[in-house]
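Visitor: Supplied in structure tokens, the structure appears directly below.
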Amino acid sequence: MDNPNPKSRRNKLIALIIAVVLVGLFVYSVQDWHQLWKIVSAPDNVPIVAMLFLVPFFTWLGIRQAVRNDRLIGELESDAKLAKTHHRKVEPWRPGWAKELHVWPYLVRIEFLAAIIVTVILYVWSIGLNAPLEEPSNPNLTMNPSKAPWYFLGLQEMLVYFDPWIAGVVMPSIIMIGLMVFPYVDSNPLGNGYYTYRQRRFAVNMFGWGFLMWILLIFIGTFIRGPGWIWFWPGETWDHNTVVFDRNRDVHEIVGLTVANFSNYPNLMKYVVIPAFGFILVAGFYVIGGLFFHWLMMRAPFRLRYLRSWSEFKQWATVPGEFEQKLLANTSLLQYLTFQFFAVSVLLAMPVKLFLRLAFTIKYVWVTPWFNV
Amino acid sequence: MDDPKDKVETKQLTGEKTEVGLVERAKVSAVALKDRALEEAKDYKDPQQTQLWKSIFRVSHERSDPRNRSLAVLSNVFLHLHPAKINRDAVRYQYTWGMGGITFYLFIVLTFTGVLLMFYYHPTKIQAFQDILYLEHDVPFGKLLRNMHRWAAHLMVITTWLHMFRVVLTGSYKKPREFNWCVGVVLLVLTLLLSFTGYLLPDDQLGFWAVTVGTNMARATPLLGHEGPFGAQLGLTPYNDVRFGLLGGSIVDANALLRAYIWHCIGIPLVASIFMAVHFWRIRKDGGISGPAPVMLESEMKVAKKK
């Protein structure tokens with residue numbers, strides 16, 4: 001197909017060049033193709049490798065339909081007369097067409113077909129690839145790296161950033177409860193039962209962010225963590241003798257609030273000052289995080305041209321969107337606070353702690369004699 | 001006039017006794033029986049008219065009649081969770097992706113292959129690993145069976161996630177389906193637990209260390225684990241905390257294998273089946289499989305009145 005728009009053609013060319021450069025850099029940086037192949041082709045890693053393709057594909061499939069609906073919504077918003085008569089779907093429909101179909105055969109045959117296709121896929125997969133079986137279990141011989149099944153590698157990776165009681169127990173519980181309260185805090189009445197981005201930007205973004213983070217943690221756990229749970233870039237050899245000298249510090253040590261520095265008051269430091277300092281930091285994080293999410297949920301759609309004009313950008317960043325204000329007015333205080341709690345505790349705390357740990361080798365923010373965060 | 005039938009009749013009429021009567025009579029009734037069988041066989045040419053067929057299917061196979069199409073669904077125990085009719089756009093592949101249905105189908109595949117695997121497996125430290133070797137090398141199609149069970153399990157985790165992803169993108173968790181979304185989240189957890197408990201069963205290094213790593217986290221459960229916050233203060237030790245309860249011991253050993261087996265084969269599937277029943281029932285009660293709804297407009301949105 002000829003593309004008459006030179007600008008769009010130029011954009012495509014730029015995208016292609018960037019893609020080629022990125023692939024080239026990756027190929028250039030791989031030192032050990034055998035290692036990479038060993039990880040990618042491990043039978044139990046097939047699902048996560050598949051996810052790396054499936055998630056983008058289904059995201060694209062969903063977004064494509066959302067874009068089409070959004071275009072229709074835009075048209076109907078600007079044409080009240082059309083809105084009254086339109087059947088309100090992008091799927092073709094004419095007056096006189098039945099709005100409903102018989103389940104037999106139109107749905108039943110799809111179910112039947114899906115069952116056959118899945119069965120064929122399973123047969124091919126099962127004939128082509130064997131389920132892994134290692135040596136008999138031996139408590140005296142630790143596997144290194146010893147990894148959980150791929151879908152739990154996100155949790156295992158979290159162990160790097162949080163103590164086990166948070167990463168293994170509290171975080172999963174909060175994630176599950178957070179998922180369950182999701183429908184109750186999403187007070188937006190629009191977008192019920194059809195793909196749309198325009199009407200539910202914040203909700204879709206938040207869920208997408210969580211989903212992406214989850215997949216990313218699994219990716220790190222699968223492809224990047226080698227023996228000793230040490231960070232190996234893809235293509236690096238998993239060297240069992242690698243030693244990493246990380247000097248993990250707690251925040252209170254960095255600012256000098258240690259028992260050693262105030263040796264006259266060891267108990268006061270241990271039981272009061274250091275815990276209080278950490279508590280203030282965590283409380284401050286919740287306040288700032290809450291403000292951040294509030295700011296985010298009040299933003300009107302971002303346009304690229306704002307980057308070229310400071311006044312327009314300032315207008316966007318400071319003045320809440322009209323639609324967003326309407327949505328907020330629809331939200332009860334309980335809904336709002338519940339959302340904020342889960343958003344800050346998971347969606348923000350996770351990447352922030354990851355960044356602190358990887359960039360500044362910070363281990364704990366809040367140290368108490370009973371637990372550490 | 002040599003027809004034996006006539007002879008019999010004549011003799012019967014005249015009351016004359018005959019010694020050939022038995023054979024001839026048998027011949028006559030044989031012919032009559034044959035005629036009758038041929039006559040009745042004509043009825044069986046259409047199996048749908050038989051009593052057997054009607055007792056099983058009850059509905060005419062003639063689907064051009066809309067009433068029969070509806071009855072085909074309504075009078076079938078497996079299909080009756082479906083309504084007779086659905087939104088015409090809901091059957092587009094790209095709308096629902098079919099992930100929920102595929103997840104359920106995979107559950108059925110896993111139950112089927114799982115039951116077959118149970119025939120060859122003993123959940124004991126002595127036999128478990130041997131059984132897997134036996135299954136892989138001696139049992140006809142044993143390797144295929146095990147492979148299929150494992151890959152279907154992985155696939156089920158993937159389809160569950162994609163199903164949730166679609167439900168979020170179409171906003172299908174919204175009123176009145178909020179509760180069903182929660183049931184779905186429980187089913188997600190059960191799916192992961194099913195997969196995880198199955199991981200230990202081959203009793204190889206992979207499963208052993210994965211479960212060791214996984215259950216070690218339970219040590220750190222706040223209040224319930226001996227290494228968790230306030231665990232020690234509450235008197236918990238490795239021999240009475242939540243991890244001990246999960247493993248049936250302080251290490252991953254014979255009891256852990258047995259417990260994983262029972263949770264995997266009986267406990268969790270039973271609970272999951274109940275939740276699935278609720279999940280499907282609620283889908284039906286909340287308006288059937290999510291069809292593309294007509295779009296709403298921002299200008300039509302009502303702002304809730306402040307009280």
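Note on naming: chains are A, B, ... as they come in the structure tokens, residues start from 1 per chain, ligands start from 1 in the order shown.
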Using only C-alpha atoms, find each residue of chain A with at least one atom at most 6 Å away from an atom of chain B; report its shortest atom-to-atom pair and that distance in Å (one decimal), sort the rows by chain and rising residue number, and return the result as a tab-separated table.

Guide:
```
residue	atom	partner	partner_atom	distance
A:Arg88	CA	B:Pro294	CA	4.7
A:Lys89	CA	B:Pro294	CA	5.4
A:Lys99	CA	B:Arg88	CA	5.7
A:Glu100	CA	B:Asn87	CA	4.6
A:Leu101	CA	B:Arg88	CA	5.1
A:His102	CA	B:Lys85	CA	4.4
A:Val103	CA	B:Lys85	CA	5.2
A:Trp104	CA	B:Arg69	CA	5.6
A:Ser126	CA	B:Asn147	CA	5.0
A:Asn130	CA	B:Asn147	CA	5.8
A:Ala131	CA	B:Asn147	CA	5.1
A:Glu134	CA	B:Asp204	CA	5.4
A:Glu135	CA	B:Asp204	CA	5.5
A:Pro136	CA	B:Asp204	CA	4.2
A:Ser137	CA	B:Gln205	CA	4.2
A:Ser146	CA	B:Trp209	CA	5.9
A:Lys147	CA	B:Ala210	CA	5.6
A:Ala148	CA	B:Ala210	CA	4.3
A:Pro164	CA	B:Met217	CA	5.6
A:Trp165	CA	B:Ala220	CA	4.6
A:Gly168	CA	B:Met217	CA	5.3
A:Val169	CA	B:Thr221	CA	5.9
A:Met180	CA	B:Cys182	CA	4.9
A:Pro183	CA	B:Glu178	CA	5.4
A:Gly191	CA	B:Gly171	CA	5.7
A:Asn192	CA	B:Gly171	CA	4.8
A:Gly193	CA	B:Ser172	CA	4.9
A:Tyr194	CA	B:Thr170	CA	4.6
A:Tyr195	CA	B:Thr170	CA	4.5
A:Asn330	CA	B:Ala304	CA	5.4
A:Trp370	CA	B:Pro229	CA	5.9
A:Phe371	CA	B:Pro229	CA	5.6
```

Visitor: Would you mind listing what lies within 10 Å of stretch 341-346 of chain A as a ChimeraX atom specification, with only C-alpha atoms counted and same-chain residues fewer than 3 positions away left out?

Guide: /A:171-172,174-175,177-179,181-182,206,210,285-293,336-338,349-352

Visitor: Would you save the residues from that selection as an mmCIF file, in the first residue's frame, using C-alpha atoms?

Guide:
```
data_model
loop_
_atom_site.group_PDB
_atom_site.id
_atom_site.type_symbol
_atom_site.label_atom_id
_atom_site.label_comp_id
_atom_site.auth_asym_id
_atom_site.auth_seq_id
_atom_site.Cartn_x
_atom_site.Cartn_y
_atom_site.Cartn_z
ATOM 1 C CA MET A 171 3.023 -8.176 48.867
ATOM 2 C CA PRO A 172 1.212 -11.160 47.282
ATOM 3 C CA ILE A 174 -1.853 -6.958 48.937
ATOM 4 C CA ILE A 175 -1.708 -7.671 45.209
ATOM 5 C CA ILE A 177 -6.704 -7.996 47.676
ATOM 6 C CA GLY A 178 -5.821 -5.035 45.474
ATOM 7 C CA LEU A 179 -7.054 -6.924 42.422
ATOM 8 C CA VAL A 181 -11.016 -4.198 45.288
ATOM 9 C CA PHE A 182 -10.229 -2.925 41.786
ATOM 10 C CA MET A 206 -2.698 1.552 36.293
ATOM 11 C CA GLY A 210 1.021 -3.454 37.280
ATOM 12 C CA PHE A 285 6.769 8.327 50.891
ATOM 13 C CA TYR A 286 3.057 7.594 51.255
ATOM 14 C CA VAL A 287 2.199 11.294 51.281
ATOM 15 C CA ILE A 288 4.353 12.093 48.261
ATOM 16 C CA GLY A 289 3.201 8.951 46.474
ATOM 17 C CA GLY A 290 -0.420 9.856 47.148
ATOM 18 C CA LEU A 291 0.118 13.356 45.791
ATOM 19 C CA PHE A 292 1.796 11.874 42.724
ATOM 20 C CA PHE A 293 -1.142 9.562 41.979
ATOM 21 C CA TYR A 336 -10.238 7.181 46.788
ATOM 22 C CA LEU A 337 -8.236 6.312 49.905
ATOM 23 C CA THR A 338 -8.415 2.562 49.245
ATOM 24 C CA ALA A 349 6.734 1.089 46.336
ATOM 25 C CA MET A 350 7.904 -1.795 44.158
ATOM 26 C CA PRO A 351 9.708 0.190 41.443
ATOM 27 C CA VAL A 352 11.006 2.775 43.932
#
```

Visitor: Would you please give, as a PyMOL selection string, all residues of stretch 55-231 of chain B that DSSP assigns to alpha helix (DSSP H) based on the backbone?

Guide: chain B and resi 55-57+66-74+93-96+99-118+128-137+142-169+178-200+205-219

Visitor: Within 10 Å of B:Leu246, counting only C-alpha atoms, which residues qualify if same-chain residues fewer than 3 places away don't, as a VMD selection string?

Guide: chain B and resid 215 218 241 to 243 249 to 250 252 255 to 256 259 to 260

Visitor: Please measure the separation of atom CA of A:Ala167 and atom CA of A:Asn372, giving the value in Å to one decimal.

Guide: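 That distance, rounded to one decimal, is 12.0 Å.
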
Visitor: If I take atom CA of A:Ile116 and atom CA of A:Pro149, how far is one from the other in Å, to one decimal?

Guide: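 If I compute the distance from atom CA of A:Ile116 to atom CA of A:Pro149, I get 27.7 Å.
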
Visitor: Of the candidates A:Asn267, A:Gln325, A:Thr331, A:Ser311, which shows the shortest atom-to-atom distance to A:Pro369, using only C-alpha atoms?

Guide: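 Once distances to A:Pro369 are computed over only C-alpha atoms, the minimum belongs to A:Asn267.
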